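**Student:** Below you'll find query.txt; it's compact mmCIF, C-alpha atoms.
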```txt
# COMPACT_ATOMS: atom_id res chain seq x y z
CA MET A 1 44.48 18.01 43.10
CA LEU A 2 42.24 19.17 40.30
CA VAL A 3 39.95 17.03 38.17
CA VAL A 4 37.48 17.94 35.44
CA ARG A 5 34.37 15.79 35.71
CA ALA A 6 30.72 15.51 34.74
CA ILE A 7 28.51 17.73 36.89
CA LYS A 8 26.29 16.18 39.59
CA ALA A 9 23.00 17.35 41.08
CA SER A 10 24.79 18.01 44.37
CA ASP A 11 26.99 20.63 42.67
CA LEU A 12 24.14 23.14 42.26
CA ASP A 13 24.89 25.36 45.28
CA ALA A 14 28.59 25.53 44.43
CA LEU A 15 27.74 26.29 40.80
CA ILE A 16 25.48 29.18 41.81
CA GLU A 17 28.27 30.56 44.00
CA LEU A 18 30.69 30.28 41.07
CA ALA A 19 28.21 32.04 38.75
CA HIS A 20 28.18 35.08 41.06
CA HIS A 21 31.75 35.78 39.91
CA VAL A 22 31.03 35.68 36.17
CA GLY A 23 29.65 39.18 35.54
CA SER A 24 27.59 40.32 32.55
CA GLY A 25 27.84 39.06 28.98
CA MET A 26 27.62 35.30 29.57
CA THR A 27 23.95 34.45 29.21
CA THR A 28 24.39 30.72 29.87
CA LEU A 29 25.82 31.13 33.37
CA LYS A 30 23.72 33.48 35.48
CA PRO A 31 23.38 33.05 39.30
CA ASP A 32 19.69 32.18 39.01
CA ARG A 33 18.73 29.10 41.06
CA LYS A 34 15.84 27.99 38.87
CA MET A 35 17.72 28.48 35.62
CA LEU A 36 20.86 26.72 36.82
CA GLY A 37 18.84 24.07 38.65
CA ASP A 38 16.99 23.21 35.46
CA ARG A 39 20.23 23.20 33.53
CA VAL A 40 21.99 20.90 35.98
CA ALA A 41 19.01 18.52 35.84
CA VAL A 42 19.30 18.44 32.04
CA ALA A 43 23.05 17.87 32.31
CA VAL A 44 22.61 14.93 34.67
CA ALA A 45 20.02 13.46 32.30
CA SER A 46 22.41 14.05 29.40
CA PHE A 47 25.25 12.03 30.92
CA ALA A 48 22.74 9.32 31.80
CA GLU A 49 21.52 9.28 28.15
CA ALA A 50 17.97 9.79 29.43
CA ILE A 51 17.11 12.44 26.82
CA PRO A 52 17.71 12.67 23.03
CA PRO A 53 21.22 13.82 21.95
CA GLU A 54 19.98 17.09 20.44
CA GLN A 55 18.43 18.09 23.78
CA ARG A 56 21.52 17.36 25.84
CA ASP A 57 23.63 19.89 27.69
CA TYR A 58 26.85 18.35 28.97
CA MET A 59 28.20 20.44 31.85
CA PHE A 60 31.64 19.82 33.31
CA VAL A 61 33.14 21.22 36.50
CA MET A 62 36.74 21.53 37.61
CA GLU A 63 36.92 20.40 41.22
CA ASP A 64 39.68 21.02 43.72
CA THR A 65 39.57 17.64 45.44
CA ALA A 66 41.62 18.88 48.39
CA CYS A 67 38.74 21.07 49.57
CA GLY A 68 35.79 20.06 47.40
CA ARG A 69 35.58 23.55 45.87
CA LEU A 70 34.46 24.14 42.27
CA ALA A 71 37.22 26.00 40.46
CA GLY A 72 35.55 26.28 37.07
CA VAL A 73 32.85 25.15 34.68
CA CYS A 74 32.37 24.56 30.95
CA ALA A 75 29.72 22.93 28.79
CA ILE A 76 28.68 21.51 25.41
CA LYS A 77 25.12 21.91 24.13
CA GLY A 78 24.07 19.11 21.80
CA ALA A 79 22.23 21.47 19.43
CA VAL A 80 21.08 25.09 19.61
CA GLY A 81 17.94 26.75 18.33
CA LEU A 82 15.65 23.71 18.24
CA ASP A 83 13.51 24.64 21.24
CA GLU A 84 13.94 28.42 21.12
CA PRO A 85 15.25 30.78 18.40
CA PHE A 86 19.01 31.16 18.03
CA TYR A 87 19.90 34.51 16.48
CA ASN A 88 23.14 35.93 15.12
CA TYR A 89 24.16 38.68 12.79
CA ARG A 90 25.84 37.48 9.62
CA ILE A 91 28.30 39.99 8.21
CA GLY A 92 27.64 40.41 4.50
CA THR A 93 28.35 42.80 1.66
CA LEU A 94 26.09 44.89 -0.56
CA VAL A 95 27.49 46.48 -3.71
CA HIS A 96 26.14 49.73 -5.19
CA SER A 97 27.38 50.96 -8.55
CA SER A 98 26.59 53.55 -11.19
CA HIS A 99 28.16 53.31 -14.64
CA GLU A 100 26.95 56.81 -15.46
CA LEU A 101 28.71 58.35 -12.47
CA ASN A 102 31.57 55.83 -12.45
CA ILE A 103 30.93 55.05 -8.78
CA PHE A 104 31.36 51.64 -7.20
CA THR A 105 30.86 51.11 -3.46
CA ARG A 106 31.04 48.00 -1.33
CA MET A 107 29.08 48.29 1.93
CA GLU A 108 29.42 45.92 4.89
CA THR A 109 26.03 44.85 6.27
CA LEU A 110 24.53 42.90 9.17
CA TYR A 111 21.80 40.33 8.46
CA LEU A 112 19.68 38.92 11.29
CA SER A 113 20.17 35.18 10.88
CA ASN A 114 19.18 31.76 12.19
CA ASP A 115 21.85 30.07 10.04
CA LEU A 116 23.54 28.31 12.97
CA THR A 117 20.38 26.58 14.20
CA GLY A 118 21.08 22.93 15.03
CA ALA A 119 24.83 23.29 15.57
CA THR A 120 26.60 21.88 18.62
CA GLU A 121 27.78 24.70 20.89
CA LEU A 122 30.72 25.08 23.26
CA CYS A 123 29.62 27.42 26.04
CA SER A 124 29.75 28.48 29.70
CA LEU A 125 33.52 28.47 30.09
CA PHE A 126 34.53 30.15 33.35
CA LEU A 127 37.47 29.68 35.70
CA HIS A 128 37.53 31.31 39.15
CA ALA A 129 40.26 33.93 39.57
CA ASP A 130 41.87 31.93 42.38
CA TYR A 131 42.71 29.16 39.91
CA ARG A 132 43.87 31.18 36.91
CA SER A 133 47.41 29.92 36.93
CA GLY A 134 49.51 27.33 35.16
CA ASN A 135 47.61 25.24 32.64
CA ASN A 136 44.23 25.31 34.39
CA GLY A 137 42.41 27.54 31.90
CA LYS A 138 43.82 25.72 28.90
CA TRP A 139 42.92 22.35 30.42
CA LEU A 140 39.36 23.35 31.30
CA SER A 141 38.67 24.68 27.81
CA LYS A 142 40.23 21.76 25.97
CA SER A 143 38.54 19.11 28.11
CA ARG A 144 35.44 19.51 25.93
CA PHE A 145 37.32 18.60 22.78
CA LEU A 146 38.56 15.34 24.26
CA PHE A 147 34.99 14.52 25.31
CA ILE A 148 33.83 15.16 21.73
CA ALA A 149 36.67 13.00 20.40
CA GLN A 150 35.54 10.14 22.63
CA PHE A 151 31.85 10.49 21.74
CA PRO A 152 31.69 12.14 18.28
CA HIS A 153 28.44 10.36 17.41
CA LEU A 154 26.59 12.46 20.00
CA PHE A 155 27.25 15.76 18.22
CA THR A 156 26.47 17.50 14.95
CA GLU A 157 29.16 18.05 12.35
CA LYS A 158 29.13 21.83 12.90
CA LEU A 159 30.59 23.08 16.17
CA ILE A 160 30.24 26.72 17.27
CA ALA A 161 31.30 28.88 20.18
CA GLU A 162 29.84 32.34 20.89
CA MET A 163 32.57 34.50 22.36
CA ARG A 164 31.85 37.22 24.87
CA GLY A 165 31.94 40.57 23.09
CA TYR A 166 33.97 43.64 23.95
CA GLN A 167 32.81 45.72 26.91
CA LEU A 168 34.08 48.91 28.50
CA ASP A 169 35.35 48.96 32.07
CA ASP A 170 31.90 49.95 33.32
CA GLY A 171 30.35 46.84 31.72
CA SER A 172 28.62 48.66 28.87
CA SER A 173 28.76 47.41 25.28
CA PRO A 174 29.64 49.99 22.57
CA PHE A 175 27.92 47.84 19.95
CA TYR A 176 24.72 47.53 21.95
CA GLU A 177 24.66 51.24 22.72
CA GLY A 178 25.16 52.01 19.03
CA LEU A 179 22.53 49.62 17.69
CA GLY A 180 20.50 47.47 20.08
CA ARG A 181 19.40 50.19 22.46
CA HIS A 182 17.57 51.99 19.64
CA PHE A 183 15.26 48.98 19.25
CA PHE A 184 15.07 47.46 22.74
CA LYS A 185 14.92 50.65 24.82
CA MET A 186 16.52 48.96 27.84
CA ASP A 187 19.96 48.55 29.41
CA PHE A 188 22.39 45.94 28.09
CA ASN A 189 22.34 44.00 31.37
CA HIS A 190 18.54 43.78 31.29
CA VAL A 191 18.54 42.39 27.75
CA ASP A 192 21.35 40.02 28.75
CA HIS A 193 19.27 38.79 31.70
CA LEU A 194 16.13 38.22 29.60
CA THR A 195 18.13 36.22 27.07
CA ALA A 196 19.66 34.11 29.84
CA LEU A 197 16.16 33.20 31.02
CA GLY A 198 15.21 32.06 27.50
CA LYS A 199 12.91 35.01 26.84
CA LYS A 200 13.94 35.68 23.25
CA SER A 201 10.66 36.40 21.47
CA PHE A 202 11.32 40.14 21.84
CA ILE A 203 14.29 39.81 19.48
CA ALA A 204 12.12 38.81 16.54
CA GLU A 205 9.45 41.29 17.56
CA LEU A 206 11.71 44.34 17.85
CA MET A 207 14.74 43.79 15.60
CA PRO A 208 14.52 44.87 11.94
CA ARG A 209 14.70 42.08 9.37
CA GLN A 210 16.29 44.16 6.63
CA PRO A 211 20.10 44.42 6.37
CA MET A 212 21.75 46.99 8.64
CA TYR A 213 24.56 49.07 7.11
CA VAL A 214 27.63 48.94 9.36
CA ALA A 215 28.72 52.39 8.17
CA TYR A 216 25.62 53.91 9.78
CA LEU A 217 26.71 52.78 13.25
CA PRO A 218 28.77 55.00 15.57
CA GLU A 219 32.50 54.56 15.06
CA ASP A 220 33.06 52.96 18.48
CA ALA A 221 30.35 50.38 17.69
CA GLN A 222 31.95 49.56 14.32
CA GLU A 223 35.35 49.08 15.92
CA VAL A 224 34.22 46.29 18.27
CA ILE A 225 32.44 44.09 15.71
CA GLY A 226 33.99 40.64 16.03
CA LYS A 227 36.13 41.76 18.98
CA VAL A 228 36.11 39.77 22.22
CA HIS A 229 36.05 40.90 25.84
CA VAL A 230 39.54 41.49 27.23
CA SER A 231 39.23 38.51 29.59
CA THR A 232 38.07 36.31 26.68
CA GLU A 233 41.16 36.78 24.50
CA PRO A 234 42.97 33.71 25.93
CA ALA A 235 39.85 31.56 25.47
CA ARG A 236 39.57 32.60 21.83
CA ARG A 237 43.21 31.69 21.16
CA LEU A 238 42.73 28.26 22.73
CA LEU A 239 39.71 27.50 20.57
CA GLU A 240 41.53 28.62 17.44
CA GLN A 241 44.42 26.30 18.32
CA GLU A 242 41.96 23.41 18.31
CA GLY A 243 40.70 24.20 14.80
CA MET A 244 37.94 26.78 15.29
CA HIS A 245 37.80 30.01 13.28
CA PHE A 246 35.72 33.13 12.65
CA GLU A 247 33.40 32.98 9.62
CA GLY A 248 31.57 36.29 9.89
CA TYR A 249 28.84 35.59 12.45
CA ILE A 250 28.55 37.77 15.55
CA ASP A 251 26.35 38.08 18.62
CA ILE A 252 23.40 40.42 18.07
CA PHE A 253 23.87 42.24 21.38
CA ASP A 254 27.60 42.72 21.96
CA ALA A 255 29.01 41.77 18.50
CA GLY A 256 31.25 39.07 19.95
CA PRO A 257 32.54 36.64 17.27
CA VAL A 258 31.05 33.19 16.75
CA LEU A 259 33.84 30.68 16.08
CA GLN A 260 33.07 27.60 14.00
CA ALA A 261 34.62 24.27 13.08
CA ARG A 262 33.76 20.93 11.56
CA VAL A 263 33.94 18.28 14.27
CA SER A 264 35.78 15.93 11.91
CA GLU A 265 38.57 18.50 11.52
CA LEU A 266 39.25 19.16 15.22
CA ARG A 267 42.75 18.51 16.55
CA ALA A 268 41.31 16.24 19.23
CA ILE A 269 39.72 14.01 16.60
CA ARG A 270 42.94 13.89 14.63
CA ASP A 271 45.56 13.63 17.36
CA SER A 272 43.98 11.95 20.38
CA ALA A 273 44.60 8.26 20.99
CA LEU A 274 43.39 5.39 23.14
CA VAL A 275 45.83 3.71 25.53
CA ASN A 276 45.64 1.12 28.27
CA VAL A 277 46.38 2.31 31.79
CA GLN A 278 48.75 0.58 34.17
CA GLN A 279 49.85 1.58 37.64
CA GLY A 280 53.34 2.96 37.93
CA ALA A 281 55.49 5.70 39.36
CA ALA A 282 54.82 9.39 38.83
CA GLY A 283 55.80 10.43 35.32
CA ASP A 284 58.42 13.05 34.51
CA ALA A 285 57.54 13.82 30.89
CA ALA A 286 58.20 17.43 29.95
CA GLU A 287 54.96 17.92 28.05
CA PRO A 288 51.64 17.75 29.94
CA LEU A 289 49.06 15.31 28.64
CA LEU A 290 45.27 15.46 28.84
CA VAL A 291 44.05 12.09 30.10
CA SER A 292 40.39 11.09 30.35
CA ASN A 293 38.46 7.95 31.07
CA THR A 294 36.00 6.70 28.45
CA ALA A 295 32.84 6.60 30.59
CA LEU A 296 29.98 8.80 29.42
CA ASP A 297 28.05 8.68 32.69
CA ASP A 298 31.11 9.48 34.84
CA PHE A 299 33.48 11.31 32.52
CA ARG A 300 36.62 12.51 34.28
CA MET A 301 39.87 14.11 33.11
CA ILE A 302 43.23 15.08 34.56
CA VAL A 303 46.50 16.51 33.32
CA ALA A 304 49.48 14.18 33.74
CA HIS A 305 53.17 14.51 33.01
CA ALA A 306 53.37 11.04 31.55
CA ALA A 307 54.53 9.58 28.25
CA PRO A 308 52.66 6.67 26.63
CA ALA A 309 54.72 3.74 25.39
CA GLY A 310 53.68 0.63 23.52
CA GLY A 311 50.00 1.53 23.76
CA ASN A 312 50.20 1.82 27.57
CA LEU A 313 50.27 4.74 29.99
CA ASP A 314 51.65 4.62 33.51
CA LEU A 315 49.67 6.55 36.13
CA THR A 316 49.97 6.70 39.88
CA ALA A 317 47.33 5.21 42.15
CA THR A 318 46.15 8.73 43.00
CA GLN A 319 45.76 9.66 39.34
CA MET A 320 43.89 6.45 38.62
CA ASP A 321 41.59 7.16 41.54
CA LEU A 322 40.82 10.62 40.15
CA LEU A 323 39.89 9.00 36.82
CA ARG A 324 38.07 6.12 38.55
CA CYS A 325 39.86 3.58 36.42
CA ARG A 326 41.65 0.30 37.03
CA PRO A 327 44.72 -1.31 35.41
CA GLY A 328 43.85 -2.43 31.91
CA ASP A 329 41.10 0.15 31.37
CA GLN A 330 41.18 2.28 28.25
CA LEU A 331 41.91 6.00 28.50
CA ARG A 332 41.95 8.71 25.85
CA ILE A 333 44.95 11.04 25.69
CA LEU A 334 45.82 14.27 23.89
CA PRO A 335 48.84 16.58 24.25
CA LEU A 336 47.70 19.68 26.12
CA SER A 337 49.66 21.97 23.83
CA VAL A 338 49.53 21.97 20.03
CA ARG A 339 52.78 20.28 19.23
CA LYS A 340 53.79 16.86 17.95
CA ASN A 341 51.59 13.84 18.49
CA PRO A 342 52.40 11.52 21.38
CA HIS A 343 54.30 8.40 20.41
CA VAL A 344 51.93 5.57 21.25
```
Please rewrite the model in this file as structure tokens.

**Tutor:**
Amino acid sequence: MLVVRAIKASDLDALIELAHHVGSGMTTLKPDRKMLGDRVAVAVASFAEAIPPEQRDYMFVMEDTACGRLAGVCAIKGAVGLDEPFYNYRIGTLVHSSHELNIFTRMETLYLSNDLTGATELCSLFLHADYRSGNNGKWLSKSRFLFIAQFPHLFTEKLIAEMRGYQLDDGSSPFYEGLGRHFFKMDFNHVDHLTALGKKSFIAELMPRQPMYVAYLPEDAQEVIGKVHVSTEPARRLLEQEGMHFEGYIDIFDAGPVLQARVSELRAIRDSALVNVQQGAAGDAAEPLLVSNTALDDFRMIVAHAAPAGGNLDLTATQMDLLRCRPGDQLRILPLSVRKNPHV
């Protein structure tokens, strides 16, 4: 069976193995032992509340309990840009007009920005190809929203998610080739690697501060602004279902869109509910339900075909064991799909 749970220090080797399958474009999940080791240590300290909320990095893994294998990973950073710069391009507009010549032009521009500094970030979503079936991807992505709904006080009001930008089959980025390479003079993967290691000072040192006219970029670079990687399309749709949307910010390297939302307006905040668990037979409800415990230090979540009734939810002994809960404990629930609210 599968369970999404808080990461542990002992997961490091399996996490590194999982990161080898990610590929380029995801700077937060590189197969670098020191980088991931430091990140796992921060995550463990985060769940233990041993560091301030803005420094926390909550990492979750999907574990196949039948074999102990990690099937996927996702994370929530408490706040971005407080310890190191967080850059994006903001898409803007400049207007040029001449009454004498009766000419009016509206030009789309890119502004180097730190506007999203301090926002909570959803990141590092990856599911191994062997497990990309059924509801696994949807469940892994949405697990973070239920965690936020249970602990909203730990996060800022603004929530963001940087989506992996469009790449060609050979891994190159049309946007980077059309813009970034002129300033950085290195391959996309090299820049991606430096950013993953936190070496971002070169961005401020080499990137121009004045607005960049989109019309001056090659056509193939213009076409991918705000466009996601082919494999990221499903992830974008899932985030939009939960209340996130594109507001004109993009990644400075691959032009992937940055989705945003107000935490108070998320579906999980609005539609999730607390119930009491009791042991019973396996449910046969048609609609799958996200079910999590309410423990910060040992957060765990499953998907159950169960229907709450009278403020209670019946789960099997196996399901309760996966959640590490006992009869009478509180659980938080949310319909996996965006449909009607559960009747509690």

**Student:** Go through range 157-179 of chain A and flag each residue having an atom no more than 12 Å from range 235-240 of chain A; for those, report the closest pair of atoms plus their distance in Å to one decimal, using only C-alpha atoms, ordered by chain and rising number, as a tab-separated table.

**Tutor:**
```
residue	atom	partner	partner_atom	distance
A:Leu159	CA	A:Leu239	CA	11.0
A:Ile160	CA	A:Leu239	CA	10.1
A:Ala161	CA	A:Leu239	CA	8.5
A:Glu162	CA	A:Arg236	CA	9.8
A:Met163	CA	A:Arg236	CA	7.3
A:Arg164	CA	A:Arg236	CA	9.5
A:Gly165	CA	A:Arg236	CA	11.1
```

**Student:** Using only C-alpha atoms, pick whichever of A:Thr156, A:Thr93, A:Gln167, A:Gln241 has the shortest atom-to-atom distance to Glu108 in chain A.

**Tutor:**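 The answer is A:Thr93, which sits nearest to Glu108 in chain A.
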
**Student:** Work out how far CA of Thr109 in chain A is from CA of Gly92 in chain A, in Å to one decimal.

**Tutor:**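 Separation between CA of Gly92 in chain A and CA of Thr109 in chain A: 5.0 Å.
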
**Student:** Measure the distance from CA of Cys123 in chain A to CA of Pro335 in chain A in Å and round it to one decimal.

**Tutor:** 22.1 Å

**Student:** If I take CA of Leu217 in chain A and CA of Phe86 in chain A, how far is one from the other in Å, to one decimal?

**Tutor:**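 Distance between the two atoms: 23.4 Å.
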
**Student:** Within 12 Å of (19.0, 17.2, 38.0), in the coordinates the file gives, what residues turn up when you count all atoms listed in the file, written out as a list in words?

**Tutor:**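 Applying the cut-off with all atoms listed in the file, one gets Ile7, Lys8, Ala9, Ser10, Asp11, Leu12, Lys34, Met35, Leu36, Gly37, Asp38, Arg39, Val40, Ala41, Val42, Ala43, Val44, Ala45, Ser46, Phe47, Ala48, Ala50, Asp57 and Met59 of chain A.
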
**Student:** Could the residues in this selection be saved with C-alpha atoms as a tab-separated table (two decimals), keeping the file's coordinate frame?

**Tutor:**
```tsv
chain	number	residue	atom	x	y	z
A	7	ILE	CA	28.51	17.73	36.89
A	8	LYS	CA	26.29	16.18	39.59
A	9	ALA	CA	23.00	17.35	41.08
A	10	SER	CA	24.79	18.01	44.37
A	11	ASP	CA	26.99	20.63	42.67
A	12	LEU	CA	24.14	23.14	42.26
A	34	LYS	CA	15.84	27.99	38.87
A	35	MET	CA	17.72	28.48	35.62
A	36	LEU	CA	20.86	26.72	36.82
A	37	GLY	CA	18.84	24.07	38.65
A	38	ASP	CA	16.99	23.21	35.46
A	39	ARG	CA	20.23	23.20	33.53
A	40	VAL	CA	21.99	20.90	35.98
A	41	ALA	CA	19.01	18.52	35.84
A	42	VAL	CA	19.30	18.44	32.04
A	43	ALA	CA	23.05	17.87	32.31
A	44	VAL	CA	22.61	14.93	34.67
A	45	ALA	CA	20.02	13.46	32.30
A	46	SER	CA	22.41	14.05	29.40
A	47	PHE	CA	25.25	12.03	30.92
A	48	ALA	CA	22.74	9.32	31.80
A	50	ALA	CA	17.97	9.79	29.43
A	57	ASP	CA	23.63	19.89	27.69
A	59	MET	CA	28.20	20.44	31.85
```

**Student:** Could you check the closest approach to Val214 in chain A for each of A:Phe155, A:Tyr249, A:Phe175, A:Phe147 and tell me which residue wins, using only C-alpha atoms?

**Tutor:** A:Phe175

**Student:** Taking into account only C-alpha atoms, which residue in the set A:Glu223, A:Arg209, A:Ser143, A:Asp254 is nearest to Arg181 in chain A?

**Tutor:**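 Selected residue with least distance to Arg181 in chain A: A:Asp254.
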
**Student:** With distances taken over all atoms listed in the file, which residue among A:Ser272, A:Thr27, A:Ser124, A:Ser133 lies nearest Tyr58 in chain A?

**Tutor:** A:Ser124

**Student:** Using all atoms listed in the file, list the residues that have an atom at most 6 Å from (18.9, 32.8, 13.7), coordinates as in the file, as a ChimeraX atom specification.

**Tutor:** /A:86-88,113-115

**Student:** Point out the residue among A:Ala215, A:Val80, A:Val258, A:Ile225 with the least atom-to-atom distance to Gln55 in chain A, counting only C-alpha atoms.

**Tutor:** A:Val80

**Student:** Using only C-alpha atoms, which of the listed residues (A:Ile302, A:Tyr166, A:Met186, A:Val275) sits closest to Val61 in chain A?

**Tutor:** A:Ile302

**Student:** Which neighbours of Val291 in chain A fall inside 8 Å, counting all atoms listed in the file, when residues of the same chain fewer than 4 positions from it are skipped, and could you give them as a count of residues only?

**Tutor:** 8
